[in-house]
>>> print(open('structure-v7.cif').read())   # mmCIF, C-alpha atoms and all ligand atoms
data_run
loop_
_atom_site.label_atom_id
_atom_site.label_comp_id
_atom_site.auth_asym_id
_atom_site.auth_seq_id
_atom_site.Cartn_x
_atom_site.Cartn_y
_atom_site.Cartn_z
CA MET A 1 0.00 0.00 0.00
CA LEU A 2 1.38 3.40 -1.01
CA THR A 3 -0.39 6.20 0.86
CA ALA A 4 0.25 9.92 0.79
CA ILE A 5 -0.75 12.23 3.63
CA VAL A 6 -1.07 15.73 2.28
CA GLY A 7 -2.33 19.17 3.23
CA ILE A 8 -5.61 20.45 1.78
CA ASN A 9 -5.17 24.08 2.79
CA TRP A 10 -2.29 26.50 3.41
CA GLY A 11 -0.21 24.12 5.54
CA ASP A 12 -0.16 23.55 9.32
CA GLU A 13 -3.23 21.36 9.02
CA GLY A 14 -1.80 18.88 11.51
CA LYS A 15 -0.29 16.50 8.94
CA GLY A 16 2.50 15.57 11.34
CA ARG A 17 0.13 14.17 13.93
CA MET A 18 -1.78 12.24 11.24
CA VAL A 19 1.44 10.75 9.88
CA ASP A 20 2.46 9.89 13.42
CA LEU A 21 -0.91 8.24 13.97
CA LEU A 22 -1.08 6.31 10.70
CA SER A 23 2.60 5.43 10.57
CA ARG A 24 2.04 2.60 13.04
CA LYS A 25 0.58 0.65 10.12
CA TYR A 26 3.47 1.47 7.78
CA SER A 27 7.07 0.29 7.59
CA VAL A 28 8.43 3.34 5.82
CA VAL A 29 7.68 7.08 6.00
CA ALA A 30 9.11 9.27 3.24
CA ARG A 31 9.32 13.04 2.90
CA TYR A 32 9.32 14.03 -0.76
CA GLN A 33 9.61 17.83 -0.98
CA GLY A 34 10.52 20.97 0.91
CA GLY A 35 13.14 21.57 3.54
CA ASN A 36 13.45 22.83 7.08
CA ASN A 37 10.83 25.49 6.46
CA ALA A 38 8.44 22.74 7.57
CA GLY A 39 7.47 22.50 11.20
CA HIS A 40 5.59 19.42 12.34
CA THR A 41 4.55 19.34 15.96
CA ILE A 42 3.82 15.98 17.52
CA TYR A 43 2.88 15.13 21.09
CA VAL A 44 3.74 11.65 22.32
CA GLN A 45 2.48 10.99 25.84
CA GLY A 46 2.44 14.70 26.53
CA GLU A 47 6.01 15.18 25.30
CA LYS A 48 6.37 17.73 22.51
CA PHE A 49 8.49 17.11 19.43
CA VAL A 50 8.98 19.61 16.60
CA LEU A 51 10.32 18.14 13.38
CA ASN A 52 11.58 20.23 10.49
CA LEU A 53 13.42 17.86 8.17
CA LEU A 54 12.95 14.44 9.69
CA PRO A 55 9.83 12.52 8.70
CA SER A 56 7.28 12.13 11.47
CA GLY A 57 7.84 8.36 11.45
CA ILE A 58 11.14 8.95 13.27
CA LEU A 59 9.28 8.80 16.60
CA ARG A 60 8.41 5.14 15.97
CA PRO A 61 11.62 3.11 16.24
CA GLU A 62 10.41 0.32 13.93
CA VAL A 63 9.73 2.70 11.01
CA VAL A 64 12.39 3.47 8.37
CA ASN A 65 12.37 7.14 7.35
CA VAL A 66 13.36 8.54 4.00
CA LEU A 67 14.41 12.02 2.90
CA GLY A 68 13.74 11.90 -0.83
CA PRO A 69 15.43 13.47 -3.88
CA GLY A 70 12.68 16.12 -4.08
CA MET A 71 13.89 17.65 -0.82
CA VAL A 72 16.35 20.43 -0.08
CA ILE A 73 18.46 19.79 2.98
CA ASP A 74 20.26 22.25 5.22
CA ILE A 75 22.76 19.73 6.57
CA ALA A 76 23.66 21.78 9.65
CA HIS A 77 20.00 21.94 10.56
CA LEU A 78 19.52 18.23 9.92
CA ARG A 79 22.50 17.33 12.04
CA GLY A 80 21.21 19.52 14.88
CA GLU A 81 17.73 18.03 14.62
CA MET A 82 19.13 14.50 14.73
CA GLU A 83 21.34 15.29 17.71
CA ARG A 84 18.54 16.96 19.66
CA LEU A 85 16.20 14.02 19.12
CA ALA A 86 18.89 11.46 19.89
CA ALA A 87 19.62 13.29 23.16
CA ARG A 88 15.95 12.78 24.06
CA GLY A 89 16.22 9.05 23.49
CA VAL A 90 14.85 8.88 19.93
CA LYS A 91 16.55 6.14 17.95
CA ILE A 92 18.31 7.55 14.87
CA GLY A 93 20.76 5.59 12.76
CA PRO A 94 21.32 4.46 9.17
CA GLU A 95 19.00 1.54 9.85
CA ASN A 96 15.98 3.82 10.35
CA LEU A 97 16.95 6.90 8.33
CA ARG A 98 17.89 7.06 4.63
CA ILE A 99 18.84 10.24 2.82
CA SER A 100 18.71 10.47 -0.96
CA GLY A 101 21.99 11.26 -2.68
CA LYS A 102 19.96 13.34 -5.11
CA ALA A 103 18.50 15.73 -2.53
CA ALA A 104 19.90 19.26 -2.92
CA ILE A 105 22.01 20.80 -0.15
CA CYS A 106 20.74 24.13 1.14
CA LEU A 107 23.84 26.21 1.85
CA PRO A 108 24.45 29.19 4.16
CA ALA A 109 24.67 31.26 0.95
CA ASN A 110 21.08 30.29 0.15
CA VAL A 111 19.91 31.35 3.60
CA ARG A 112 21.68 34.69 3.22
CA GLN A 113 20.21 35.19 -0.23
CA ASP A 114 16.72 34.50 1.15
CA CYS A 115 17.18 37.12 3.90
CA LEU A 116 18.70 39.68 1.54
CA GLU A 117 15.79 39.32 -0.86
CA GLU A 118 13.09 39.49 1.82
CA ASP A 119 14.77 42.63 3.20
CA ARG A 120 14.96 44.14 -0.27
CA LEU A 121 11.25 43.46 -0.82
CA ALA A 122 10.43 45.07 2.56
CA GLY A 123 6.69 45.89 2.47
CA GLU A 124 6.14 43.60 -0.52
CA LYS A 125 7.81 40.57 1.01
CA TYR A 126 6.64 37.01 0.34
CA GLY A 127 6.70 35.98 3.96
CA SER A 128 9.57 33.55 3.51
CA THR A 129 10.73 31.52 6.50
CA ARG A 130 14.22 32.87 5.60
CA ARG A 131 15.70 29.41 5.55
CA GLY A 132 16.99 29.55 2.01
CA ILE A 133 14.31 27.35 0.48
CA ALA A 134 13.35 29.45 -2.55
CA PRO A 135 17.01 30.23 -3.45
CA ILE A 136 18.08 26.58 -3.23
CA TYR A 137 15.16 25.40 -5.36
CA GLY A 138 16.13 28.21 -7.74
CA ASP A 139 19.72 26.92 -7.81
CA LYS A 140 18.46 23.40 -8.40
CA TYR A 141 16.50 24.43 -11.47
CA MET A 142 19.44 26.54 -12.64
CA LYS A 143 21.38 23.26 -12.33
CA LYS A 144 23.91 24.74 -9.93
CA ALA A 145 23.04 23.07 -6.63
CA LEU A 146 25.22 20.65 -4.70
CA ARG A 147 23.58 17.32 -3.91
CA MET A 148 23.97 15.01 -0.96
CA GLU A 149 25.88 12.48 -3.09
CA ASP A 150 28.58 15.12 -3.71
CA LEU A 151 29.50 14.81 -0.04
CA LEU A 152 30.71 11.28 -0.77
CA GLU A 153 33.35 12.56 -3.21
CA PRO A 154 35.44 15.34 -1.66
CA GLU A 155 37.29 16.39 -4.83
CA ARG A 156 34.13 16.65 -6.86
CA LEU A 157 32.52 18.56 -4.01
CA GLU A 158 35.34 21.11 -3.96
CA ARG A 159 35.29 21.62 -7.73
CA HIS A 160 31.54 21.99 -7.78
CA LEU A 161 31.50 24.35 -4.80
CA SER A 162 34.11 26.58 -6.36
CA ARG A 163 32.03 26.98 -9.54
CA LEU A 164 28.88 27.45 -7.54
CA LEU A 165 30.27 30.21 -5.32
CA GLU A 166 31.85 32.00 -8.26
CA TRP A 167 28.33 32.28 -9.68
CA LYS A 168 26.54 32.95 -6.40
CA ASN A 169 28.95 35.71 -5.41
CA LEU A 170 28.14 37.63 -8.59
CA LEU A 171 24.68 38.05 -7.15
CA LEU A 172 25.60 38.51 -3.50
CA GLU A 173 28.36 41.05 -4.12
CA ARG A 174 27.32 42.84 -7.26
CA GLY A 175 23.58 42.35 -6.98
CA TYR A 176 22.92 42.92 -3.31
CA GLY A 177 26.20 44.69 -2.44
CA ALA A 178 26.69 42.13 0.32
CA PRO A 179 29.91 40.35 1.35
CA ALA A 180 30.94 37.39 -0.79
CA GLU A 181 30.46 33.86 0.50
CA ASP A 182 33.83 32.45 1.55
CA PHE A 183 34.94 29.23 -0.17
CA ASP A 184 36.99 27.82 2.73
CA GLU A 185 34.33 28.57 5.26
CA THR A 186 31.60 26.94 3.17
CA LEU A 187 33.80 23.91 2.54
CA ARG A 188 34.44 23.59 6.26
CA TRP A 189 30.70 23.86 6.89
CA LEU A 190 30.05 21.12 4.32
CA ARG A 191 32.71 18.80 5.77
CA GLU A 192 31.79 19.35 9.38
CA ASN A 193 28.06 18.84 8.88
CA GLY A 194 28.30 16.38 6.00
CA GLU A 195 30.65 13.91 7.66
CA PRO A 196 28.17 12.57 10.25
CA LEU A 197 25.53 12.16 7.51
CA LEU A 198 27.62 10.06 5.12
CA PRO A 199 26.41 6.65 6.39
CA TYR A 200 22.82 7.72 5.72
CA ILE A 201 23.22 8.69 2.05
CA CYS A 202 21.87 6.15 -0.43
CA ASP A 203 19.62 5.59 -3.41
CA THR A 204 16.25 5.94 -1.69
CA GLY A 205 14.53 4.76 -4.88
CA LEU A 206 16.23 1.38 -4.69
CA PHE A 207 15.43 1.12 -1.02
CA LEU A 208 11.75 1.93 -1.64
CA GLU A 209 11.55 -0.53 -4.57
CA GLU A 210 12.99 -3.24 -2.36
CA SER A 211 10.55 -2.37 0.39
CA ILE A 212 7.61 -2.59 -2.01
CA ALA A 213 8.89 -5.92 -3.34
CA ALA A 214 9.04 -7.20 0.23
CA GLY A 215 5.36 -6.30 0.66
CA LYS A 216 5.96 -3.30 2.90
CA ASP A 217 3.63 -0.33 3.10
CA ILE A 218 4.93 3.18 2.50
CA LEU A 219 3.57 6.45 3.77
CA PHE A 220 4.51 9.68 1.99
CA GLU A 221 4.53 12.78 4.14
CA ALA A 222 3.97 16.16 2.57
CA GLN A 223 4.99 19.54 3.80
CA LEU A 224 2.57 22.47 3.52
CA GLY A 225 -0.72 22.24 1.64
CA ALA A 226 -2.30 22.35 -1.81
CA LEU A 227 -2.66 26.14 -1.70
CA ARG A 228 1.11 26.46 -1.32
CA ASP A 229 1.95 24.30 -4.31
CA ILE A 230 4.33 26.08 -6.67
CA ASP A 231 2.08 25.47 -9.72
CA TYR A 232 -1.43 25.24 -8.31
CA GLY A 233 -1.23 27.35 -5.16
CA ILE A 234 -1.54 31.08 -4.46
CA TYR A 235 1.53 31.89 -6.55
CA PRO A 236 3.85 33.66 -5.80
CA PHE A 237 2.92 33.26 -2.13
CA THR A 238 3.55 29.57 -2.44
CA SER A 239 6.32 27.29 -1.39
CA SER A 240 8.97 26.56 -4.00
CA SER A 241 8.15 22.88 -4.37
CA THR A 242 5.31 20.60 -5.38
CA THR A 243 3.22 19.91 -2.32
CA LEU A 244 0.77 17.69 -4.17
CA ALA A 245 0.27 13.97 -3.67
CA ALA A 246 0.91 13.30 -7.35
CA TYR A 247 4.55 14.29 -6.83
CA ALA A 248 5.09 11.96 -3.87
CA PRO A 249 6.51 8.98 -5.81
CA ILE A 250 8.73 11.28 -7.89
CA GLY A 251 10.05 13.24 -4.93
CA ALA A 252 10.69 10.12 -2.88
CA GLY A 253 12.61 8.17 -5.53
CA ILE A 254 10.07 5.91 -7.26
CA PRO A 255 8.68 7.96 -10.15
CA GLY A 256 7.15 4.94 -11.88
CA LYS A 257 4.92 3.95 -8.98
CA LYS A 258 1.34 5.02 -8.38
CA LEU A 259 -0.27 5.86 -5.07
CA ASP A 260 -3.01 3.60 -3.76
CA GLN A 261 -4.47 6.15 -1.41
CA VAL A 262 -4.38 9.87 -0.68
CA VAL A 263 -5.43 11.11 2.75
CA GLY A 264 -5.96 14.86 2.84
CA VAL A 265 -5.61 16.72 6.11
CA MET A 266 -7.68 19.83 6.72
CA LYS A 267 -8.31 21.91 9.79
CA ALA A 268 -11.77 22.58 11.25
CA TYR A 269 -11.02 26.27 10.57
CA SER A 270 -8.44 28.10 8.44
CA THR A 271 -4.93 29.31 9.17
CA CYS A 272 -2.27 30.79 6.96
CA VAL A 273 1.30 31.77 7.76
CA GLY A 274 2.94 34.61 5.91
CA GLU A 275 1.71 36.82 3.13
CA GLY A 276 -0.70 36.38 0.25
CA PRO A 277 -4.45 36.30 -0.36
CA PHE A 278 -6.43 34.71 2.48
CA THR A 279 -10.02 35.48 1.62
CA CYS A 280 -11.68 34.15 4.77
CA GLU A 281 -9.34 36.00 7.16
CA LEU A 282 -10.75 37.20 10.48
CA PHE A 283 -9.43 40.29 12.25
CA GLY A 284 -9.65 41.87 15.66
CA GLU A 285 -11.03 40.17 18.75
CA ARG A 286 -12.64 37.25 16.96
CA ALA A 287 -9.33 36.44 15.28
CA GLU A 288 -7.43 36.79 18.54
CA ALA A 289 -9.82 34.41 20.30
CA LEU A 290 -9.49 31.77 17.58
CA ARG A 291 -5.70 32.13 17.43
CA GLU A 292 -5.47 31.70 21.20
CA ALA A 293 -7.89 28.76 21.26
CA GLY A 294 -5.93 26.96 18.54
CA GLY A 295 -2.44 28.00 19.70
CA GLU A 296 -1.86 29.25 16.17
CA TYR A 297 1.77 30.27 16.20
CA GLY A 298 4.16 28.86 13.59
CA ALA A 299 6.05 25.71 14.65
CA ALA A 300 9.10 26.67 12.56
CA THR A 301 9.14 30.43 13.18
CA GLY A 302 6.83 31.22 16.12
CA ARG A 303 5.01 33.75 13.93
CA PRO A 304 1.32 34.32 14.80
CA ARG A 305 -0.76 32.64 12.11
CA ARG A 306 -3.54 34.43 10.28
CA VAL A 307 -6.83 32.74 11.11
CA GLY A 308 -10.33 32.47 9.68
CA PRO A 309 -13.35 30.20 9.43
CA PHE A 310 -13.33 27.01 7.38
CA ASP A 311 -13.06 28.02 3.72
CA VAL A 312 -15.18 25.84 1.44
CA PRO A 313 -14.03 27.09 -2.00
CA ALA A 314 -10.34 26.85 -1.01
CA SER A 315 -10.73 23.44 0.64
CA ARG A 316 -12.76 21.95 -2.19
CA TYR A 317 -10.05 23.09 -4.58
CA GLY A 318 -7.42 21.56 -2.27
CA VAL A 319 -9.27 18.24 -2.22
CA ARG A 320 -9.41 18.27 -6.02
CA MET A 321 -5.73 19.18 -6.49
CA GLN A 322 -4.66 16.50 -4.06
CA GLY A 323 -6.99 13.88 -5.51
CA ALA A 324 -7.90 13.00 -1.92
CA ASP A 325 -9.75 9.73 -1.32
CA ALA A 326 -10.39 10.45 2.33
CA LEU A 327 -9.92 13.31 4.74
CA ALA A 328 -8.76 13.90 8.28
CA LEU A 329 -10.37 16.90 9.96
CA THR A 330 -8.13 18.20 12.73
CA LYS A 331 -8.53 20.48 15.73
CA LEU A 332 -12.30 20.22 16.00
CA ASP A 333 -11.92 20.73 19.77
CA VAL A 334 -10.61 24.25 19.17
CA LEU A 335 -14.08 25.41 18.05
CA SER A 336 -15.79 24.28 21.28
CA TYR A 337 -15.82 27.82 22.69
CA LEU A 338 -18.02 29.22 19.91
CA THR A 339 -21.82 29.58 20.21
CA GLU A 340 -22.09 29.75 16.45
CA ILE A 341 -19.45 28.69 13.98
CA PRO A 342 -18.81 30.74 10.86
CA VAL A 343 -18.06 28.92 7.61
CA CYS A 344 -16.99 30.63 4.41
CA THR A 345 -19.28 28.91 1.91
CA TRP A 346 -18.83 31.05 -1.18
CA TYR A 347 -16.68 33.82 -2.50
CA GLU A 348 -18.06 36.88 -4.16
CA VAL A 349 -15.87 38.06 -7.03
CA ASP A 350 -16.71 41.27 -8.87
CA GLY A 351 -20.27 41.09 -7.53
CA LYS A 352 -20.80 37.47 -8.63
CA PRO A 353 -20.97 34.46 -6.32
CA THR A 354 -18.46 31.69 -6.99
CA LYS A 355 -18.01 28.29 -5.44
CA ASP A 356 -14.75 27.69 -7.28
CA PHE A 357 -11.40 28.89 -6.04
CA PRO A 358 -10.28 31.71 -8.32
CA GLY A 359 -6.72 32.65 -9.28
CA GLY A 360 -4.72 35.80 -9.99
CA GLY A 361 -6.43 39.18 -9.55
CA LYS A 362 -9.82 37.52 -9.02
CA LEU A 363 -8.54 35.89 -5.86
CA ASP A 364 -7.27 39.24 -4.62
CA ARG A 365 -10.73 40.74 -5.14
CA ALA A 366 -12.68 37.80 -3.69
CA ARG A 367 -14.87 38.51 -0.64
CA PRO A 368 -16.00 35.78 1.75
CA VAL A 369 -19.67 34.90 2.11
CA LEU A 370 -20.30 33.43 5.56
CA GLU A 371 -22.87 31.07 6.94
CA PHE A 372 -23.22 30.23 10.64
CA LEU A 373 -23.67 26.76 12.06
CA PRO A 374 -24.69 26.03 15.67
CA GLY A 375 -21.81 25.44 18.08
CA TRP A 376 -21.71 22.62 20.66
CA GLU A 377 -20.23 24.68 23.50
CA CYS A 378 -18.80 21.82 25.51
CA ASP A 379 -15.46 20.05 25.87
CA ILE A 380 -15.12 17.28 23.29
CA ARG A 381 -11.49 16.39 23.96
CA SER A 382 -12.30 13.08 25.61
CA CYS A 383 -14.59 11.85 22.81
CA ARG A 384 -13.18 8.78 21.09
CA ARG A 385 -16.21 7.54 19.20
CA TRP A 386 -18.32 9.30 16.59
CA GLN A 387 -21.51 8.87 18.61
CA GLU A 388 -19.87 10.48 21.64
CA LEU A 389 -19.56 13.79 19.81
CA PRO A 390 -22.41 16.25 20.44
CA ALA A 391 -24.97 16.35 17.62
CA ALA A 392 -23.91 19.88 16.61
CA ALA A 393 -20.29 18.77 16.22
CA ARG A 394 -21.33 15.82 14.07
CA ALA A 395 -23.53 18.12 12.00
CA TYR A 396 -20.58 20.46 11.49
CA VAL A 397 -18.34 17.64 10.29
CA GLU A 398 -21.05 16.30 7.99
CA TYR A 399 -21.64 19.76 6.60
CA LEU A 400 -17.96 20.19 5.70
CA GLU A 401 -17.76 16.70 4.23
CA LYS A 402 -20.65 17.42 1.90
CA ALA A 403 -19.33 20.88 1.03
CA VAL A 404 -15.89 19.63 -0.08
CA GLY A 405 -17.17 16.39 -1.61
CA CYS A 406 -14.89 13.88 0.11
CA PRO A 407 -15.47 11.59 3.10
CA ILE A 408 -13.99 12.67 6.43
CA ARG A 409 -12.58 9.48 7.90
CA TYR A 410 -10.71 10.88 10.91
CA VAL A 411 -11.64 13.67 13.27
CA SER A 412 -9.07 14.85 15.79
CA VAL A 413 -10.15 16.38 19.09
CA GLY A 414 -6.83 17.07 20.80
CA ALA A 415 -3.11 17.21 20.12
CA ASP A 416 -2.26 13.91 21.81
CA ARG A 417 -1.63 10.78 19.79
CA ASP A 418 -4.87 9.04 20.81
CA ALA A 419 -7.15 12.09 20.72
CA TYR A 420 -9.00 11.22 17.54
CA ILE A 421 -12.09 9.52 16.22
CA GLU A 422 -12.11 7.12 13.30
CA ARG A 423 -15.42 6.92 11.52
P1 LIG B 1 1.60 20.28 10.24
O1 LIG B 1 2.74 21.10 9.78
O2 LIG B 1 0.54 20.12 9.19
O3 LIG B 1 2.00 18.97 10.84
O4 LIG B 1 0.89 21.10 11.40
P2 LIG B 1 1.57 21.83 12.64
O5 LIG B 1 2.31 20.87 13.44
O6 LIG B 1 2.23 23.08 12.25
O7 LIG B 1 0.27 22.34 13.38
C1 LIG B 1 -0.61 21.53 13.99
C2 LIG B 1 -0.67 21.93 15.45
O8 LIG B 1 -1.92 21.57 15.99
C3 LIG B 1 0.34 21.22 16.32
O9 LIG B 1 0.73 22.06 17.37
C4 LIG B 1 -0.43 20.02 16.87
O10 LIG B 1 0.05 19.54 18.09
C5 LIG B 1 -1.78 20.64 17.04
N1 LIG B 1 -2.88 19.71 16.85
C6 LIG B 1 -2.99 18.73 15.92
N2 LIG B 1 -4.17 18.13 16.01
C7 LIG B 1 -4.85 18.76 17.00
C8 LIG B 1 -6.16 18.62 17.55
O11 LIG B 1 -6.97 17.80 17.15
N3 LIG B 1 -6.50 19.49 18.55
C9 LIG B 1 -5.65 20.42 19.04
N4 LIG B 1 -6.09 21.22 20.01
N5 LIG B 1 -4.41 20.57 18.55
C10 LIG B 1 -4.02 19.75 17.54
#
>>> encode(input="structure-v7.cif", output="structure tokens", more="lines below")
Ligand code: GDP
Amino acid sequence: MLTAIVGINWGDEGKGRMVDLLSRKYSVVARYQGGNNAGHTIYVQGEKFVLNLLPSGILRPEVVNVLGPGMVIDIAHLRGEMERLAARGVKIGPENLRISGKAAICLPANVRQDCLEEDRLAGEKYGSTRRGIAPIYGDKYMKKALRMEDLLEPERLERHLSRLLEWKNLLLERGYGAPAEDFDETLRWLRENGEPLLPYICDTGLFLEESIAAGKDILFEAQLGALRDIDYGIYPFTSSSTTLAAYAPIGAGIPGKKLDQVVGVMKAYSTCVGEGPFTCELFGERAEALREAGGEYGAATGRPRRVGPFDVPASRYGVRMQGADALALTKLDVLSYLTEIPVCTWYEVDGKPTKDFPGGGKLDRARPVLEFLPGWECDIRSCRRWQELPAAARAYVEYLEKAVGCPIRYVSVGADRDAYIER
């Protein structure tokens, strides 16, 4: 069974906790895109873990985790993440972590370039996490990037780095008027952080093929959501990679394989980190209350997230782009404080109602049309069966399911591993 767990909205839907939950049935968990701009928060028996690069399966010692060729890896960050988890007793070794030789290395120069560009854009900034992700994907498509497999061959690495920095410094020095990136320093950084990772580098495609041949099940873990996809999202306020399920086999190393199942994760309300159109956005006290109730502060950056009611046009579009077969609705418990729950059912664009998610200037001009559903106004965090949920909560879930046109199979009612309902 090849299953992808993907985001339906703008990211932060709670994919990490769903991967953590479902990974008990899988032997392998693979990340297939993005870098350490991701922040997955997982609670295991009340203990909090934040993962940026490592797949969420790392918290289950029997699962093998893969960082696929579609990823961009800041090796200093990865090393730090591995060390921090290991210090907390999490098992990490080449037997349960495989890193693709084809994944691109995100360098300090990329991080600097990201910061320089965001600063240059000032008021018009994209809301980057400033971790070098857009510049390293840019380098990759310019065919300049270093890859993990280069770490295995020191001479090749040096040659490649020298050519890369010659090019990169044209931009840093003459473009931004910033100091050049130093060759020796970068090489030292690569050696120091690359060395401990060498035993993990392999052909993840071969490993995954072998796993499939041995009858093992593989879970693909996405970062961010459909609306952040580079092609189909709210461009240019997107991520720089393909966040869609269709890319999972390609980004993990097995481009010829097809997924058997796509589980989309969506939140019971909307959140969005960073800039860009967010039609259903709430402001003022109502926003503050929802942000507080949901603890909506970025896992990677600590930035307060923009919040709003569940957005039907955006979520239906997300379900379609992901080709979701089933959905997980997370954080239903967060809405328990509301007497009536707003839902954005339509957009109005240029005076006309639309159920479809628009693009370009139309999205900028879209206005939300809200409907209100009755709240349940009681604590639902201990509910573990569908029938235990108050009728109003069930009605809310059923309403969303119908509105987006895909069955909601899981409903989560708390951050802890077992705080969910399977229907
Ligand atoms: P991801 O990037 O999609 O994995 O999402 P994040 O980790 O950024 O955000 C999800 C946040 O919501 C994390 O802090 C989770 O612990 C928390 N969370 C997930 N599911 C639930 C839930 O059902 N209820 C509550 N209250 N919190 C949840």
>>> residues_near_ligand(input="structure-v7.cif", ligand="ligand LIG 1 (chain B)", cutoff="7 Å", atoms="only C-alpha atoms and all ligand atoms", output="ChimeraX atom specification")
/A:7,11-17,38-43,223-224,294,298-299,330-334,412-415,419-420
>>> write_last_selection(input="structure-v7.cif", atoms="C-alpha atoms", output="JSON list (two decimals), in the frame of the given file")
[["chain", "number", "residue", "atom", "x", "y", "z"],
["A", 7, "GLY", "CA", -2.33, 19.17, 3.23],
["A", 11, "GLY", "CA", -0.21, 24.12, 5.54],
["A", 12, "ASP", "CA", -0.16, 23.55, 9.32],
["A", 13, "GLU", "CA", -3.23, 21.36, 9.02],
["A", 14, "GLY", "CA", -1.80, 18.88, 11.51],
["A", 15, "LYS", "CA", -0.29, 16.50, 8.94],
["A", 16, "GLY", "CA", 2.50, 15.57, 11.34],
["A", 17, "ARG", "CA", 0.13, 14.17, 13.93],
["A", 38, "ALA", "CA", 8.44, 22.74, 7.57],
["A", 39, "GLY", "CA", 7.47, 22.50, 11.20],
["A", 40, "HIS", "CA", 5.59, 19.42, 12.34],
["A", 41, "THR", "CA", 4.55, 19.34, 15.96],
["A", 42, "ILE", "CA", 3.82, 15.98, 17.52],
["A", 43, "TYR", "CA", 2.88, 15.13, 21.09],
["A", 223, "GLN", "CA", 4.99, 19.54, 3.80],
["A", 224, "LEU", "CA", 2.57, 22.47, 3.52],
["A", 294, "GLY", "CA", -5.93, 26.96, 18.54],
["A", 298, "GLY", "CA", 4.16, 28.86, 13.59],
["A", 299, "ALA", "CA", 6.05, 25.71, 14.65],
["A", 330, "THR", "CA", -8.13, 18.20, 12.73],
["A", 331, "LYS", "CA", -8.53, 20.48, 15.73],
["A", 332, "LEU", "CA", -12.30, 20.22, 16.00],
["A", 333, "ASP", "CA", -11.92, 20.73, 19.77],
["A", 334, "VAL", "CA", -10.61, 24.25, 19.17],
["A", 412, "SER", "CA", -9.07, 14.85, 15.79],
["A", 413, "VAL", "CA", -10.15, 16.38, 19.09],
["A", 414, "GLY", "CA", -6.83, 17.07, 20.80],
["A", 415, "ALA", "CA", -3.11, 17.21, 20.12],
["A", 419, "ALA", "CA", -7.15, 12.09, 20.72],
["A", 420, "TYR", "CA", -9.00, 11.22, 17.54]]
>>> axis_aligned_box(input="structure-v7.cif", around="range 398-413 of chain A", padding_each_side="6 Å", output="lines of an AutoDock Vina configuration file")
center_x = -15.4
center_y = 15.2
center_z = 8.7
size_x = 24.6
size_y = 23.4
size_z = 32.7
>>> atom_distance(input="structure-v7.cif", atom1="CA of Tyr32 in chain A", atom2="CA of Ala328 in chain A")
20.2 Å
>>> closest_residue(input="structure-v7.cif", among="A:Glu371, A:Asp114, A:Glu62, A:Glu149", to="Val29 in chain A", atoms="all atoms listed in the file")
A:Glu62
>>> residues_around(input="structure-v7.cif", residues="Asp20 in chain A", least_positions_apart="2", cutoff="12 Å", atoms="only C-alpha atoms", output="PyMOL selection string")
chain A and resi 5+14-18+22-26+28-29+40-44+49+51+55-61+63+65+219-221+415-418
>>> atom_distance(input="structure-v7.cif", atom1="CA of Asn52 in chain A", atom2="CA of Asp182 in chain A")
26.9 Å
>>> closest_residue(input="structure-v7.cif", among="A:Phe372, A:Trp189, A:Tyr141, A:Phe237", to="Val343 in chain A", atoms="only C-alpha atoms")
A:Phe372
>>> closest_residue(input="structure-v7.cif", among="A:Ala104, A:Leu151, A:Leu282, A:Val265", to="Leu197 in chain A", atoms="all atoms listed in the file")
A:Leu151
>>> atom_distance(input="structure-v7.cif", atom1="CA of Gly323 in chain A", atom2="CA of Tyr269 in chain A")
20.7 Å
>>> residues_near_point(input="structure-v7.cif", point="(-16.1, 23.0, 0.9)", cutoff="9 Å", atoms="only C-alpha atoms", output="ChimeraX atom specification")
/A:310-317,319,344-346,355,399-405
>>> closest_residue(input="structure-v7.cif", among="A:Tyr347, A:Tyr235, A:Tyr396, A:Tyr247", to="Gly360 in chain A", atoms="all atoms listed in the file")
A:Tyr235
>>> closest_residue(input="structure-v7.cif", among="A:Pro135, A:Gly308, A:Pro236, A:Gly127", to="Ala289 in chain A", atoms="all atoms listed in the file")
A:Gly308
>>> closest_residue(input="structure-v7.cif", among="A:Asp325, A:Glu377, A:Glu181, A:Glu158", to="Thr339 in chain A", atoms="all atoms listed in the file")
A:Glu377
>>> residues_around(input="structure-v7.cif", residues="Glu398 in chain A", least_positions_apart="5", cutoff="9 Å", atoms="only C-alpha atoms", output="ChimeraX atom specification")
/A:393,403,407-408
>>> write_last_selection(input="structure-v7.cif", atoms="C-alpha atoms", output="PDB file, in the frame of the given file")
ATOM      1  CA  ALA A 393     -20.290  18.770  16.220  1.00  0.00           C
ATOM      2  CA  ALA A 403     -19.330  20.880   1.030  1.00  0.00           C
ATOM      3  CA  PRO A 407     -15.470  11.590   3.100  1.00  0.00           C
ATOM      4  CA  ILE A 408     -13.990  12.670   6.430  1.00  0.00           C
TER       5      ILE A 408
END
>>> closest_atom_pairs(input="structure-v7.cif", of="range 45-126 of chain A", to="range 162-170 of chain A", cutoff="10 Å", atoms="only C-alpha atoms", output="JSON lines")
{"residue": "A:Ala109", "atom": "CA", "partner": "A:Lys168", "partner_atom": "CA", "distance": 7.8}
{"residue": "A:Asn110", "atom": "CA", "partner": "A:Lys168", "partner_atom": "CA", "distance": 8.9}
{"residue": "A:Gln113", "atom": "CA", "partner": "A:Lys168", "partner_atom": "CA", "distance": 9.1}
>>> decode(input="structure-v7.cif", residues="range 108-114 of chain A", atoms="C-alpha atoms", output="JSON list (two decimals), in the first residue's frame")
[["chain", "number", "residue", "atom", "x", "y", "z"],
["A", 108, "PRO", "CA", 24.45, 29.19, 4.16],
["A", 109, "ALA", "CA", 24.67, 31.26, 0.95],
["A", 110, "ASN", "CA", 21.08, 30.29, 0.15],
["A", 111, "VAL", "CA", 19.91, 31.35, 3.60],
["A", 112, "ARG", "CA", 21.68, 34.69, 3.22],
["A", 113, "GLN", "CA", 20.21, 35.19, -0.23],
["A", 114, "ASP", "CA", 16.72, 34.50, 1.15]]
